[in-house]
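Here is the structure we will look at, set down as structure tokens.
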Amino acid sequence: MDVQKRIQQFKQMSEADPENELGHFSLGKAYVEADRFEEAVGAFSRVVELKPQLSKAYQLLGEAYDRSGRRDKAIEIMTQGVTVADGQGDRMPRDAMAGALREWDAPVPEFHSSETVESPSSTAAATATGFACARCSQPTGQLAKAPFKGPLGERIFQNICQNCWREWIEMGTKVINELSLVLSSQAGQDTYDQYMVEFLQLENP
Ligand SMILES: [Zn+2]
């Protein structure tokens, strides 16, 4: 689907349910794709307000600030974001934001989670199964099997934990209702899958 159409659709969703962070999150990403960084800043700021524990939102907000020419704000938000991500053991966004701060010669907050939070048993479990959730980084709670057939179902099985999957089911129901998606149509199914991939942070295989 073309980016302008997606912007329209995500706008509709974020207006229909302004407390639902997924609409704002998806809208922000579509704005980035369309090089509309000022508007992306607005959308991601709303996500951070709604879900201050969603570390990935700080990263995207910081990047949008930087690309809209406001590096001071980018540094401010990513400095906050590193601490939030670190506190939750979200290593991928944490390391991405720390890397950006270093590149901008800004101080990087000290990490606490990698050595202290991770217990030896969880490391062993991760090594044994090779599983770590792509969304929350937890090394446990892999689904028992693919939730549905096909390559996407298989990717979810390989990369997503039970908790995140349950969260998506709840969010997916909202998406269906708010966008009045008809899942029996190809367009409806594609839109639903697109939200799912974004929500589960599977866009970079
Ligand atoms: Zn997870």
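Starting from 1 in every chain, residues are counted up; chains themselves are A, B, ... following the order of the structure tokens, and ligands are numbered from 1 as listed.
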
Dump the neighbourhood of ligand 1 as a PyMOL selection string: all residues within 12 Å, distances computed on only C-alpha atoms and all ligand atoms. chain A and resi 88-90+131-143+156-168+199-202

Excluding Glu21 of chain A and residues on its chain fewer than 2 positions from it, collect all residues at most 8 Å away from it, counting only C-alpha atoms, and give them as a list of chain:residue names. A:Ser14, A:Pro18, A:Glu19, A:Gly23, A:His24, A:Phe25, A:Arg46, A:Val47, A:Leu50, A:Lys51

Please provide as a ChimeraX atom specification all residues within 10 Å of Met78 of chain A, with the sequence filter that same-chain residues fewer than 4 positions apart are discarded (counting only C-alpha atoms). /A:55,57-63,73-74,82-85,93-94,96-98,100-101,108-109

DSSP alpha helix (DSSP H) residues within segment 160-199 of chain A, as a PDB file with C-alpha atoms, in the first residue's frame:
ATOM      1  CA  GLN A 162       3.624 -15.855  24.492  1.00  0.00           C
ATOM      2  CA  ASN A 163       3.088 -12.589  26.394  1.00  0.00           C
ATOM      3  CA  CYS A 164       3.733 -10.421  23.359  1.00  0.00           C
ATOM      4  CA  TRP A 165       1.529 -12.655  21.248  1.00  0.00           C
ATOM      5  CA  ARG A 166      -1.317 -12.302  23.759  1.00  0.00           C
ATOM      6  CA  GLU A 167      -0.855  -8.519  23.769  1.00  0.00           C
ATOM      7  CA  TRP A 168      -1.116  -8.528  20.008  1.00  0.00           C
ATOM      8  CA  ILE A 169      -4.340 -10.576  20.004  1.00  0.00           C
ATOM      9  CA  GLU A 170      -5.918  -7.904  22.187  1.00  0.00           C
ATOM     10  CA  MET A 171      -4.525  -5.071  20.075  1.00  0.00           C
ATOM     11  CA  GLY A 172      -5.418  -6.842  16.828  1.00  0.00           C
ATOM     12  CA  THR A 173      -9.033  -7.022  17.922  1.00  0.00           C
ATOM     13  CA  LYS A 174      -9.044  -3.262  18.424  1.00  0.00           C
ATOM     14  CA  VAL A 175      -7.433  -2.736  15.018  1.00  0.00           C
ATOM     15  CA  ILE A 176     -10.127  -4.857  13.348  1.00  0.00           C
ATOM     16  CA  ASN A 177     -12.906  -2.940  15.067  1.00  0.00           C
ATOM     17  CA  GLU A 178     -11.519   0.539  14.584  1.00  0.00           C
ATOM     18  CA  GLN A 186      -7.118  -9.649   0.788  1.00  0.00           C
ATOM     19  CA  ALA A 187      -6.863  -5.916   1.542  1.00  0.00           C
ATOM     20  CA  GLY A 188      -8.236  -6.418   5.048  1.00  0.00           C
ATOM     21  CA  GLN A 189      -5.869  -9.296   5.692  1.00  0.00           C
ATOM     22  CA  ASP A 190      -2.869  -7.310   4.383  1.00  0.00           C
ATOM     23  CA  THR A 191      -3.671  -4.354   6.631  1.00  0.00           C
ATOM     24  CA  TYR A 192      -4.098  -6.634   9.625  1.00  0.00           C
ATOM     25  CA  ASP A 193      -0.767  -8.364   8.910  1.00  0.00           C
ATOM     26  CA  GLN A 194       0.967  -5.021   8.511  1.00  0.00           C
ATOM     27  CA  TYR A 195      -0.223  -3.887  11.949  1.00  0.00           C
ATOM     28  CA  MET A 196       0.810  -7.217  13.410  1.00  0.00           C
ATOM     29  CA  VAL A 197       4.332  -7.014  11.963  1.00  0.00           C
ATOM     30  CA  GLU A 198       4.728  -3.467  13.301  1.00  0.00           C
ATOM     31  CA  PHE A 199       3.319  -4.266  16.700  1.00  0.00           C
TER      32      PHE A 199
END

Closest of A:Ala30, A:Lys56, A:Phe44, A:Leu179 to Met92 of chain A, counting only C-alpha atoms, is A:Lys56

Would you mind listing what lies within 7 Å of Ala40 of chain A as a list in words, with only C-alpha atoms counted and same-chain residues fewer than 3 positions away left out? Gly28, Lys29, Tyr31, Val32, Arg36, Phe37, Ala43, Phe44 and Ala64 of chain A

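Straight-line separation from atom CA of Ala106 of chain A to atom CA of Ile75 of chain A: 7.0 Å.
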
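Taking atom CA of Leu181 of chain A as the reference point, atom CA of Met13 of chain A is found at 11.6 Å.
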
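Interatomic distance, atom CA of Asp2 of chain A against atom CA of Arg70 of chain A: 28.0 Å.
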
Counting only C-alpha atoms, which residue out of A:Glu49, A:Glu203, A:Glu154, A:Glu103 sits closest to Arg71 of chain A? A:Glu103
